[in-house]
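For reference, structure.txt (compact mmCIF, C-alpha atoms):
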```txt
# COMPACT_ATOMS: atom_id res chain seq x y z
CA MET A 137 0.00 0.00 0.00
CA SER A 138 1.40 3.35 -0.92
CA GLU A 139 1.55 5.74 2.01
CA TRP A 140 0.46 9.38 1.97
CA PRO A 141 3.09 11.88 0.91
CA LEU A 142 5.24 13.57 3.54
CA TRP A 143 4.76 17.33 4.08
CA GLU A 144 7.15 19.76 5.75
CA VAL A 145 5.36 22.21 8.03
CA PHE A 146 6.30 25.86 8.47
CA ILE A 147 4.65 28.09 11.09
CA ARG A 148 4.67 31.87 11.42
CA SER A 149 4.79 32.23 15.19
CA GLN A 150 3.69 35.86 15.30
CA HIS A 151 2.86 38.76 13.05
CA GLY A 152 5.87 40.17 11.24
CA LEU A 153 8.12 37.12 11.59
CA ALA A 154 9.03 34.72 8.78
CA HIS A 155 7.66 31.15 8.70
CA ARG A 156 9.95 28.62 10.40
CA HIS A 157 10.25 24.93 9.89
CA VAL A 158 8.69 23.04 12.81
CA GLY A 159 8.38 19.45 11.62
CA SER A 160 6.58 17.20 9.18
CA LEU A 161 3.55 14.93 8.78
CA HIS A 162 1.82 12.63 6.30
CA ALA A 163 -1.40 13.68 4.57
CA PRO A 164 -3.19 12.79 1.32
CA THR A 165 -3.66 16.40 0.13
CA SER A 166 -2.25 19.84 0.88
CA GLU A 167 -5.55 20.86 2.49
CA MET A 168 -5.44 17.88 4.83
CA ALA A 169 -1.80 18.63 5.57
CA VAL A 170 -2.73 22.16 6.66
CA CYS A 171 -5.57 20.79 8.85
CA ASN A 172 -3.31 18.20 10.44
CA ALA A 173 -0.53 20.73 10.93
CA ARG A 174 -3.02 22.97 12.71
CA ASP A 175 -4.03 20.11 15.00
CA VAL A 176 -0.51 18.90 15.69
CA TYR A 177 1.69 21.96 15.66
CA THR A 178 -0.47 24.86 16.88
CA ARG A 179 -2.27 23.38 19.89
CA ARG A 180 -0.70 25.94 22.22
CA ASN A 181 -1.08 29.12 20.22
CA GLU A 182 2.19 28.57 18.40
CA GLY A 183 1.19 30.31 15.22
CA VAL A 184 -0.78 32.71 13.09
CA SER A 185 -0.07 31.11 9.71
CA ILE A 186 0.84 27.69 8.31
CA TRP A 187 2.71 26.66 5.16
CA VAL A 188 3.05 23.07 4.01
CA VAL A 189 5.42 21.92 1.27
CA LYS A 190 5.80 18.39 -0.08
CA SER A 191 9.08 17.05 1.30
CA ALA A 192 9.88 15.61 -2.11
CA ASP A 193 9.76 19.14 -3.55
CA ILE A 194 12.53 20.42 -1.32
CA SER A 195 16.00 20.44 -2.82
CA ALA A 196 18.73 20.57 -0.22
CA SER A 197 22.50 20.90 -0.14
CA GLU A 198 24.54 17.76 0.56
CA PRO A 199 25.85 17.57 4.14
CA ASN A 200 29.08 16.13 2.70
CA ASN A 201 29.58 19.31 0.70
CA LYS A 202 29.49 21.49 3.79
CA ASP A 203 33.14 22.47 3.64
CA MET A 204 33.13 23.10 -0.08
CA LEU A 205 30.05 25.31 0.20
CA PHE A 206 30.62 27.30 3.35
CA GLU A 207 34.34 27.27 4.08
CA PRO A 208 35.21 29.95 1.48
CA SER A 209 33.34 32.60 3.48
CA HIS A 210 35.42 31.98 6.62
CA ASP A 211 38.40 33.94 5.39
CA LYS A 212 36.34 36.86 4.07
CA ILE A 213 36.31 38.69 7.37
CA PHE A 214 36.10 42.01 5.54
CA ARG A 215 32.40 41.29 5.00
CA HIS A 216 31.80 42.07 8.68
CA PRO A 217 31.46 45.65 9.99
CA THR A 218 33.82 44.89 12.88
CA PHE A 219 36.70 44.41 10.41
CA TYR A 220 36.96 48.22 10.12
CA ASP A 221 38.64 50.11 12.95
CA LEU A 222 37.01 53.48 13.46
CA PRO A 223 37.88 56.10 16.08
CA ASP A 224 35.71 55.86 19.21
CA ASP A 225 34.20 59.29 18.66
CA VAL A 226 32.51 58.33 15.38
CA ASP A 227 28.81 58.09 16.22
CA TYR A 228 25.98 56.47 14.30
CA MET A 229 28.02 54.03 12.23
CA MET B 299 -8.34 39.11 -6.96
CA TYR B 300 -11.06 41.71 -6.48
CA SER B 301 -12.47 41.17 -9.95
CA GLN B 302 -13.91 37.85 -8.75
CA VAL B 303 -16.16 39.76 -6.40
CA ILE B 304 -17.58 41.76 -9.30
CA ASP B 305 -18.58 38.53 -11.09
CA GLU B 306 -20.67 37.44 -8.15
CA GLN B 307 -22.22 40.62 -6.92
CA PRO B 308 -21.18 44.22 -6.82
CA VAL B 309 -19.69 45.24 -3.50
CA SER B 310 -21.31 48.28 -2.01
CA SER B 311 -18.95 51.07 -1.17
CA ASP B 312 -19.96 50.71 2.46
CA GLU B 313 -18.68 47.15 2.51
CA LEU B 314 -15.46 48.22 0.81
CA ASN B 315 -15.07 51.04 3.27
CA ALA B 316 -15.58 48.63 6.13
CA GLN B 317 -12.82 46.44 4.68
CA GLU B 318 -10.51 49.41 4.33
CA ALA B 319 -11.27 50.55 7.85
CA LEU B 320 -10.37 47.10 9.15
CA PHE B 321 -7.17 47.18 7.10
CA GLN B 322 -6.21 50.58 8.50
CA GLU B 323 -6.97 49.39 12.02
CA LYS B 324 -4.50 46.52 11.59
CA ILE B 325 -1.85 48.96 10.43
CA ASP B 326 -2.55 51.35 13.29
CA ASN B 327 -2.08 48.43 15.70
CA ASP B 328 1.26 47.54 14.04
CA ILE B 329 -0.01 44.21 12.73
CA LYS B 330 1.93 43.30 9.59
CA ILE B 331 0.16 42.90 6.27
CA GLU B 332 1.11 39.62 4.57
CA PRO B 333 0.81 38.64 0.88
CA ARG B 334 -2.51 36.79 1.20
CA ASP B 335 -4.23 39.45 3.30
CA TRP B 336 -6.79 41.75 1.75
CA MET B 337 -5.29 45.12 0.87
CA PRO B 338 -6.55 48.21 -0.96
CA ASP B 339 -5.52 48.44 -4.59
CA GLY B 340 -3.69 51.68 -3.92
CA TYR B 341 -1.59 50.09 -1.17
CA ARG B 342 -0.60 47.25 -3.48
CA LYS B 343 0.23 49.54 -6.40
CA THR B 344 2.18 52.04 -4.32
CA LEU B 345 4.20 49.26 -2.68
CA ILE B 346 4.98 47.61 -6.03
CA ARG B 347 6.25 50.95 -7.30
CA GLN B 348 8.22 51.66 -4.15
CA ILE B 349 9.82 48.23 -3.68
CA SER B 350 10.67 47.78 -7.37
CA GLN B 351 12.26 51.25 -7.50
CA HIS B 352 14.25 50.29 -4.44
CA ALA B 353 15.33 47.04 -6.14
CA HIS B 354 16.27 48.85 -9.37
CA SER B 355 18.41 51.27 -7.33
CA GLU B 356 20.37 48.39 -5.81
CA ILE B 357 20.96 46.85 -9.23
CA VAL B 358 21.91 50.09 -11.02
CA GLY B 359 23.89 51.05 -7.91
CA MET B 360 26.37 48.28 -8.71
CA LEU B 361 27.46 50.12 -11.87
CA PRO B 362 29.24 53.27 -10.55
CA GLU B 363 31.26 51.15 -8.11
CA GLY B 364 31.75 48.24 -10.49
CA LYS B 365 33.87 50.51 -12.67
CA TRP B 366 36.50 50.67 -9.88
CA LEU B 367 36.76 46.91 -9.24
CA THR B 368 39.66 46.59 -11.64
CA ARG B 369 41.24 49.85 -10.48
CA ALA B 370 41.28 49.28 -6.70
CA PRO B 371 44.68 50.25 -5.25
CA SER B 372 45.26 46.97 -3.35
CA LEU B 373 44.06 43.40 -3.29
CA THR B 374 42.35 43.99 0.08
CA ARG B 375 40.46 47.02 -1.20
CA LYS B 376 39.49 45.07 -4.28
CA SER B 377 38.15 42.14 -2.21
CA ILE B 378 36.18 44.57 -0.06
CA LEU B 379 34.65 46.39 -3.01
CA LEU B 380 33.82 43.10 -4.70
CA ALA B 381 32.05 41.93 -1.54
CA LYS B 382 30.11 45.20 -1.38
CA VAL B 383 28.97 45.04 -5.00
CA GLN B 384 27.97 41.39 -4.45
CA ASP B 385 25.86 42.48 -1.48
CA GLU B 386 24.07 45.06 -3.61
CA GLY B 387 23.16 42.44 -6.20
CA GLY B 388 21.77 40.38 -3.31
CA HIS B 389 19.80 43.34 -1.97
CA GLY B 390 18.22 43.76 -5.40
CA LEU B 391 17.17 40.10 -5.27
CA TYR B 392 15.60 40.35 -1.78
CA LEU B 393 13.60 43.36 -2.92
CA TYR B 394 12.47 41.96 -6.28
CA SER B 395 11.28 38.86 -4.40
CA ALA B 396 9.37 41.00 -1.88
CA ALA B 397 7.69 42.86 -4.78
CA GLU B 398 6.77 39.57 -6.46
CA THR B 399 4.66 38.61 -3.42
CA LEU B 400 2.37 41.48 -4.46
CA GLY B 401 1.58 39.89 -7.83
CA VAL B 402 4.03 41.61 -10.16
CA THR B 403 6.45 39.42 -12.14
CA ARG B 404 10.23 39.77 -12.31
CA ASP B 405 10.05 40.20 -16.08
CA GLU B 406 7.52 43.03 -15.77
CA MET B 407 9.87 44.84 -13.40
CA TYR B 408 12.95 44.32 -15.60
CA LEU B 409 11.04 45.50 -18.62
CA ALA B 410 9.90 48.65 -16.81
CA LEU B 411 13.51 49.41 -15.83
CA HIS B 412 15.02 48.65 -19.22
CA SER B 413 12.41 50.68 -21.13
CA GLY B 414 13.12 53.68 -18.91
CA LYS B 415 9.59 53.63 -17.51
CA ALA B 416 10.64 52.70 -13.96
CA LYS B 417 12.76 55.05 -11.90
CA TYR B 418 15.74 54.38 -9.68
CA SER B 419 17.57 56.67 -7.26
CA SER B 420 18.93 59.86 -8.87
CA ILE B 421 22.26 59.36 -7.06
CA PHE B 422 23.45 56.62 -9.41
CA ASN B 423 23.40 58.94 -12.41
CA TYR B 424 26.52 60.73 -11.20
CA PRO B 425 29.98 59.58 -12.38
CA THR B 426 32.66 58.03 -10.14
CA LEU B 427 35.74 60.00 -11.24
CA THR B 428 38.37 58.96 -8.68
CA TRP B 429 39.07 56.20 -6.14
CA ALA B 430 38.04 58.60 -3.35
CA ASP B 431 34.50 58.54 -4.81
CA ILE B 432 34.24 54.92 -3.62
CA GLY B 433 35.00 56.04 -0.06
CA VAL B 434 32.55 58.93 -0.20
CA ILE B 435 29.82 56.71 -1.67
CA GLY B 436 30.22 54.32 1.29
CA TRP B 437 30.14 57.16 3.79
CA LEU B 438 27.41 59.39 2.33
CA VAL B 439 25.36 57.36 -0.15
CA ASP B 440 25.21 54.21 1.97
CA GLY B 441 24.86 56.42 5.07
CA ALA B 442 21.81 58.12 3.54
CA ALA B 443 20.40 54.77 2.44
CA ILE B 444 20.78 53.37 5.97
CA MET B 445 19.03 56.38 7.44
CA ASN B 446 16.10 55.72 5.11
CA GLN B 447 16.12 51.93 5.47
CA VAL B 448 16.42 51.49 9.22
CA PRO B 449 12.89 52.81 9.92
CA LEU B 450 11.54 50.73 7.00
CA GLN B 451 12.36 47.60 9.03
CA ARG B 452 9.18 48.49 10.91
CA CYS B 453 7.03 49.16 7.82
CA SER B 454 3.59 47.57 7.54
CA TYR B 455 4.26 45.05 4.75
CA GLY B 456 5.83 41.88 6.17
CA PRO B 457 7.99 40.73 3.23
CA TYR B 458 9.37 44.27 2.71
CA ALA B 459 10.09 44.74 6.42
CA ARG B 460 11.89 41.39 6.63
CA ALA B 461 13.97 42.16 3.51
CA MET B 462 14.95 45.45 5.14
CA VAL B 463 16.19 43.70 8.28
CA ARG B 464 18.58 41.62 6.21
CA ILE B 465 19.67 44.57 4.10
CA CYS B 466 20.36 46.87 7.06
CA LYS B 467 22.48 44.21 8.70
CA GLU B 468 24.68 43.99 5.62
CA GLU B 469 24.70 47.70 4.90
CA SER B 470 26.66 48.57 8.04
CA PHE B 471 29.86 47.13 6.56
CA HIS B 472 29.34 49.23 3.43
CA GLN B 473 29.35 52.48 5.32
CA ARG B 474 32.20 51.58 7.63
CA GLN B 475 34.52 50.45 4.83
CA GLY B 476 33.90 53.78 3.08
CA PHE B 477 34.60 55.87 6.14
CA GLU B 478 37.69 53.85 7.03
CA MET B 479 38.99 54.34 3.50
CA LEU B 480 38.48 58.09 3.83
CA ILE B 481 40.34 58.14 7.16
CA THR B 482 43.25 56.46 5.37
CA LEU B 483 43.14 58.93 2.48
CA CYS B 484 42.87 61.94 4.80
CA LYS B 485 45.88 60.78 6.83
CA GLY B 486 47.84 60.29 3.62
CA LYS B 487 49.65 62.71 1.31
CA PRO B 488 48.11 66.14 0.63
CA VAL B 489 47.17 64.99 -2.85
CA GLN B 490 45.22 62.06 -1.36
CA LYS B 491 43.38 64.31 1.06
CA ALA B 492 42.62 66.71 -1.80
CA MET B 493 41.14 63.81 -3.74
CA ALA B 494 38.85 63.01 -0.79
CA GLN B 495 37.79 66.66 -0.53
CA ASP B 496 37.05 66.80 -4.26
CA ALA B 497 34.88 63.67 -3.99
CA LEU B 498 32.98 65.15 -1.03
CA ASN B 499 32.44 68.36 -3.01
CA ARG B 500 30.82 66.46 -5.85
CA TRP B 501 28.74 63.94 -3.81
CA TRP B 502 27.45 66.09 -0.95
CA TRP B 503 24.49 67.74 -2.66
CA PRO B 504 23.39 64.70 -4.69
CA SER B 505 23.43 62.76 -1.38
CA LEU B 506 21.02 65.26 0.20
CA MET B 507 18.75 64.82 -2.84
CA MET B 508 18.48 61.08 -2.05
CA PHE B 509 15.87 61.84 0.62
CA GLY B 510 13.53 63.20 -2.05
CA PRO B 511 11.90 66.61 -2.55
CA PRO B 512 10.84 68.78 0.40
CA ASP B 513 7.76 67.40 2.20
CA ALA B 514 5.69 70.33 0.93
CA ASP B 515 6.28 69.17 -2.68
CA SER B 516 6.11 65.43 -2.04
CA VAL B 517 2.98 64.12 -3.75
CA HIS B 518 2.10 60.82 -2.07
CA SER B 519 3.65 61.25 1.36
CA ALA B 520 0.56 61.61 3.57
CA GLN B 521 -1.19 58.43 2.41
CA SER B 522 2.04 56.42 2.44
CA MET B 523 2.72 57.50 6.00
CA ARG B 524 -0.82 56.54 7.04
CA TRP B 525 -0.17 53.12 5.48
CA LYS B 526 3.22 52.94 7.24
CA ILE B 527 5.14 52.22 4.08
CA LYS B 528 6.90 55.55 4.53
CA MET B 529 7.97 56.07 8.11
CA ASN B 530 9.51 59.55 8.18
CA GLY B 531 9.25 62.82 6.28
CA ASN B 532 11.92 63.61 3.68
CA ASP B 533 13.00 66.81 5.43
CA GLU B 534 13.21 65.13 8.82
CA LEU B 535 15.59 62.43 7.54
CA ARG B 536 17.64 64.96 5.55
CA GLN B 537 18.08 67.08 8.69
CA LYS B 538 19.14 64.04 10.70
CA PHE B 539 21.65 63.13 7.98
CA VAL B 540 23.23 66.59 7.98
CA ASP B 541 23.47 66.57 11.78
CA VAL B 542 25.22 63.19 11.73
CA CYS B 543 27.60 64.08 8.88
CA VAL B 544 28.92 67.42 10.18
CA PRO B 545 30.99 65.98 13.07
CA GLN B 546 32.11 63.08 10.87
CA ALA B 547 33.46 65.50 8.25
CA GLU B 548 35.25 67.40 11.03
CA LEU B 549 36.84 64.19 12.22
CA LEU B 550 38.15 63.58 8.70
CA GLY B 551 39.34 67.17 8.43
CA LEU B 552 37.19 67.71 5.34
CA THR B 553 34.94 70.68 4.58
CA ILE B 554 31.31 70.15 3.60
CA PRO B 555 30.74 72.30 0.48
CA ASP B 556 27.97 74.42 2.02
CA ASN B 557 28.92 77.73 3.67
CA LYS B 558 25.44 78.01 5.17
CA ILE B 559 25.98 75.07 7.53
CA ILE B 560 25.91 76.42 11.06
CA TRP B 561 24.79 75.03 14.43
CA ASN B 562 21.41 76.46 15.44
CA GLU B 563 21.42 76.58 19.24
CA GLU B 564 17.70 77.30 19.46
CA TRP B 565 16.62 74.36 17.30
CA GLN B 566 19.48 72.10 18.43
CA GLN B 567 20.24 71.20 14.84
CA HIS B 568 22.28 72.48 11.89
CA ASP B 569 20.99 75.08 9.47
CA PHE B 570 22.06 74.32 5.93
CA GLY B 571 21.77 75.68 2.38
CA GLU B 572 19.09 75.07 -0.22
CA VAL B 573 19.35 71.95 -2.40
CA ASN B 574 19.25 72.64 -6.15
CA TRP B 575 15.92 70.95 -6.86
CA ASP B 576 16.01 71.86 -10.57
CA GLU B 577 19.05 69.63 -10.86
CA PHE B 578 17.25 66.83 -8.99
CA TYR B 579 14.19 66.90 -11.27
CA ASN B 580 16.40 67.16 -14.32
CA VAL B 581 18.31 64.02 -13.34
CA LEU B 582 15.03 62.20 -12.65
CA LYS B 583 13.82 63.17 -16.12
CA GLY B 584 16.81 61.35 -17.57
CA ASN B 585 19.18 64.26 -18.17
CA GLY B 586 21.83 63.49 -15.55
CA VAL B 587 25.47 62.98 -16.54
CA CYS B 588 25.20 59.17 -16.62
CA ASN B 589 21.49 58.30 -17.11
CA ARG B 590 21.98 56.96 -20.63
CA GLU B 591 25.23 55.18 -19.80
CA ARG B 592 23.68 53.41 -16.78
CA LEU B 593 20.58 52.23 -18.61
CA LYS B 594 22.64 51.07 -21.57
CA ALA B 595 25.03 49.12 -19.32
CA ARG B 596 22.03 47.47 -17.63
CA VAL B 597 20.29 46.57 -20.90
CA ASP B 598 23.57 45.33 -22.43
CA ALA B 599 24.21 43.09 -19.40
CA TRP B 600 20.71 41.62 -19.78
CA GLU B 601 21.01 41.04 -23.52
CA ASP B 602 24.60 39.77 -23.44
CA GLY B 603 23.57 37.32 -20.73
CA ALA B 604 20.68 35.88 -22.78
CA TRP B 605 22.72 32.86 -23.92
CA VAL B 606 23.40 31.90 -20.29
CA ARG B 607 19.70 31.94 -19.46
CA ASP B 608 18.93 29.98 -22.64
CA ALA B 609 21.59 27.39 -21.83
CA ALA B 610 20.29 26.92 -18.29
CA LYS B 611 16.78 26.42 -19.61
CA ALA B 612 17.92 23.95 -22.28
CA TYR B 613 19.78 21.98 -19.62
CA ALA B 614 16.66 21.82 -17.43
CA VAL B 615 14.57 20.57 -20.36
CA LYS B 616 17.20 17.95 -21.19
CA ARG B 617 17.31 16.65 -17.62
CA GLN B 618 13.54 16.51 -17.42
CA ARG B 619 13.44 14.50 -20.62
CA SER B 620 16.06 12.01 -19.46
CA SER B 621 14.37 11.52 -16.07
CA SER B 622 10.99 10.83 -17.68
CA LEU B 623 12.46 8.06 -19.85
```
I need this file expressed as structure tokens, please.
Amino acid sequence: MSEWPLWEVFIRSQHGLAHRHVGSLHAPTSEMAVCNARDVYTRRNEGVSIWVVKSADISASEPNNKDMLFEPSHDKIFRHPTFYDLPDDVDYM
Amino acid sequence: MYSQVIDEQPVSSDELNAQEALFQEKIDNDIKIEPRDWMPDGYRKTLIRQISQHAHSEIVGMLPEGKWLTRAPSLTRKSILLAKVQDEGGHGLYLYSAAETLGVTRDEMYLALHSGKAKYSSIFNYPTLTWADIGVIGWLVDGAAIMNQVPLQRCSYGPYARAMVRICKEESFHQRQGFEMLITLCKGKPVQKAMAQDALNRWWWPSLMMFGPPDADSVHSAQSMRWKIKMNGNDELRQKFVDVCVPQAELLGLTIPDNKIIWNEEWQQHDFGEVNWDEFYNVLKGNGVCNRERLKARVDAWEDGAWVRDAAKAYAVKRQRSSSL
């Protein structure tokens, strides 16, 4: 028997914030996934909005490629404001 | 959207007004408007115009600085400038994406920019003549942008506000690298300091124009402020900018090219001279020094890059075909 597709659930916890991934669940349709997500993930007022996305539709980076992907930004310390020494009496910068 | 309602039954203006009143109440209570929420047509249209103009400015803003990438005086300065220009491309992307949540497509926005229909900030139609211009742009142009963008982090439209949070975080490095470069130039040889002064002379007034025309002449301000998609008056931000810049110029040992700047004890702020608004409107109309050059560079980049987009599309089609076999 083929099981229902897996859905990733994203909840906006309060007005103004972005949706965050909270978990996943199985459901036959996107509507049912939203209903189930409501029942499972917002029982204690956790959210004001729900997104569901089929897990199969998410493309992700390979954990094994972590170094290759993210290491090059380690030595680019000039991208951070603290790289630049300014006199103490410069305000608002 | 709303046209569906017309198919069913006409909405009385009372009902519409009730909807608008509810909308305004949300905004007054600082509740963010999100893409799927009901919003007045005017709010949507104004935001699309505002956010896409903002995005265009980031994209065109890469051009004046891009010219100096190959002319940077050291490898460090080159890496820094490259990182800054990269950031601006990213800022353009965040903003285009925020605008797309309002129902406008990326292609529509590009087309409006490339045809000259859409505007971008007047500041990017001025030429970058020397290396010191890069320092002054970081200090003044990014400084003015920050002053305008920080309050927008609290604006009423969720996707725009969240894009602003990210942008402001990255923008701080832009301003600091510019100011630090100017400190270096001003501590250098007299000719280097003179170069910094010359850049300040040319960029000061155009930077003040970035805040837009005086509030009295600003057409849409009142409604936009009620909708909280404009958080401060143009004159208010301009004044704040002048007050912040005066001591910074003193620290550099540079002179702001305005002999009317003087501390006003009574108002606890600086008096300053009148901006040449004829020049501002003339640049907006397309008659600035670099308007044509900027637009041409943008259109050329788009057209010369067509083969890359075509190749990527062809590759996607090929992969789809092989996976369906």
Residues of chain B within 9 Å of chain A, counting all atoms listed in the file, as a compact mmCIF listing (two decimals) with C-alpha atoms, in the frame of the given file:
```txt
# COMPACT_ATOMS: atom_id res chain seq x y z
CA ASP B 328 1.26 47.54 14.04
CA ILE B 329 -0.01 44.21 12.73
CA LYS B 330 1.93 43.30 9.59
CA ILE B 331 0.16 42.90 6.27
CA GLU B 332 1.11 39.62 4.57
CA THR B 374 42.35 43.99 0.08
CA SER B 377 38.15 42.14 -2.21
CA ILE B 378 36.18 44.57 -0.06
CA ALA B 381 32.05 41.93 -1.54
CA LYS B 382 30.11 45.20 -1.38
CA GLY B 441 24.86 56.42 5.07
CA ARG B 452 9.18 48.49 10.91
CA SER B 454 3.59 47.57 7.54
CA TYR B 455 4.26 45.05 4.75
CA GLY B 456 5.83 41.88 6.17
CA PRO B 457 7.99 40.73 3.23
CA ALA B 459 10.09 44.74 6.42
CA ARG B 460 11.89 41.39 6.63
CA GLU B 468 24.68 43.99 5.62
CA GLU B 469 24.70 47.70 4.90
CA SER B 470 26.66 48.57 8.04
CA PHE B 471 29.86 47.13 6.56
CA HIS B 472 29.34 49.23 3.43
CA GLN B 473 29.35 52.48 5.32
CA ARG B 474 32.20 51.58 7.63
CA GLN B 475 34.52 50.45 4.83
CA PHE B 477 34.60 55.87 6.14
CA GLU B 478 37.69 53.85 7.03
CA ILE B 481 40.34 58.14 7.16
CA VAL B 542 25.22 63.19 11.73
CA PRO B 545 30.99 65.98 13.07
CA GLN B 546 32.11 63.08 10.87
CA LEU B 549 36.84 64.19 12.22
```
As a check of understanding: the span from atom CA of Glu318 of chain B to atom CA of Pro338 of chain B is 6.7 Å
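For the pair atom CA of Leu142 of chain A and atom CA of Lys190 of chain A, the separation is 6.1 Å.
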Expressed in Å, the length from atom CA of Ser138 of chain A to atom CA of Asn172 of chain A is 19.3 Å
Original post:
Which polymer residues have any atom within 10 Å of an atom of Asn181 of chain A, counting all atoms listed in the file, with same-chain residues fewer than 4 positions away left out, as a PyMOL selection string?
Top reply: chain A and resi 149-150+174+177
Let me have the centre and edge lengths of the axis-aligned box enclosing all listed atoms of segment 184-196 of chain A with 6 Å padding on every side, in Å to one decimal, as AutoDock Vina command-line options.
```
--center_x 9.0 --center_y 24.2 --center_z 4.8 --size_x 31.5 --size_y 29.1 --size_z 28.6
```
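With distances restricted to only C-alpha atoms, B:Arg347 is the closest residue to Ala410 of chain B from B:Arg347, B:Arg334, B:Trp525, B:Leu373.
Minimum atom-to-atom distance to Val573 of chain B, evaluated using only C-alpha atoms, belongs to B:Trp502 out of B:Trp336, B:Tyr458, B:Trp561, B:Trp502.
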Of A:Cys171, A:Val145, A:Leu205, A:Val176, the one nearest to Ser191 of chain A when counting only C-alpha atoms is A:Val145
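Candidate residues B:Ala520, B:Ala497, B:Ala442, B:Ala316 were compared for distance to Phe539 of chain B, and the nearest is B:Ala442, using only C-alpha atoms.
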(request) For Pro449 of chain B, please output as a ChimeraX atom specification all residues within 10 Å (counting all atoms listed in the file; exclusion window: fewer than 3 positions along the same chain). (result) /B:444-446,452-453,459,462-463,466,527-530
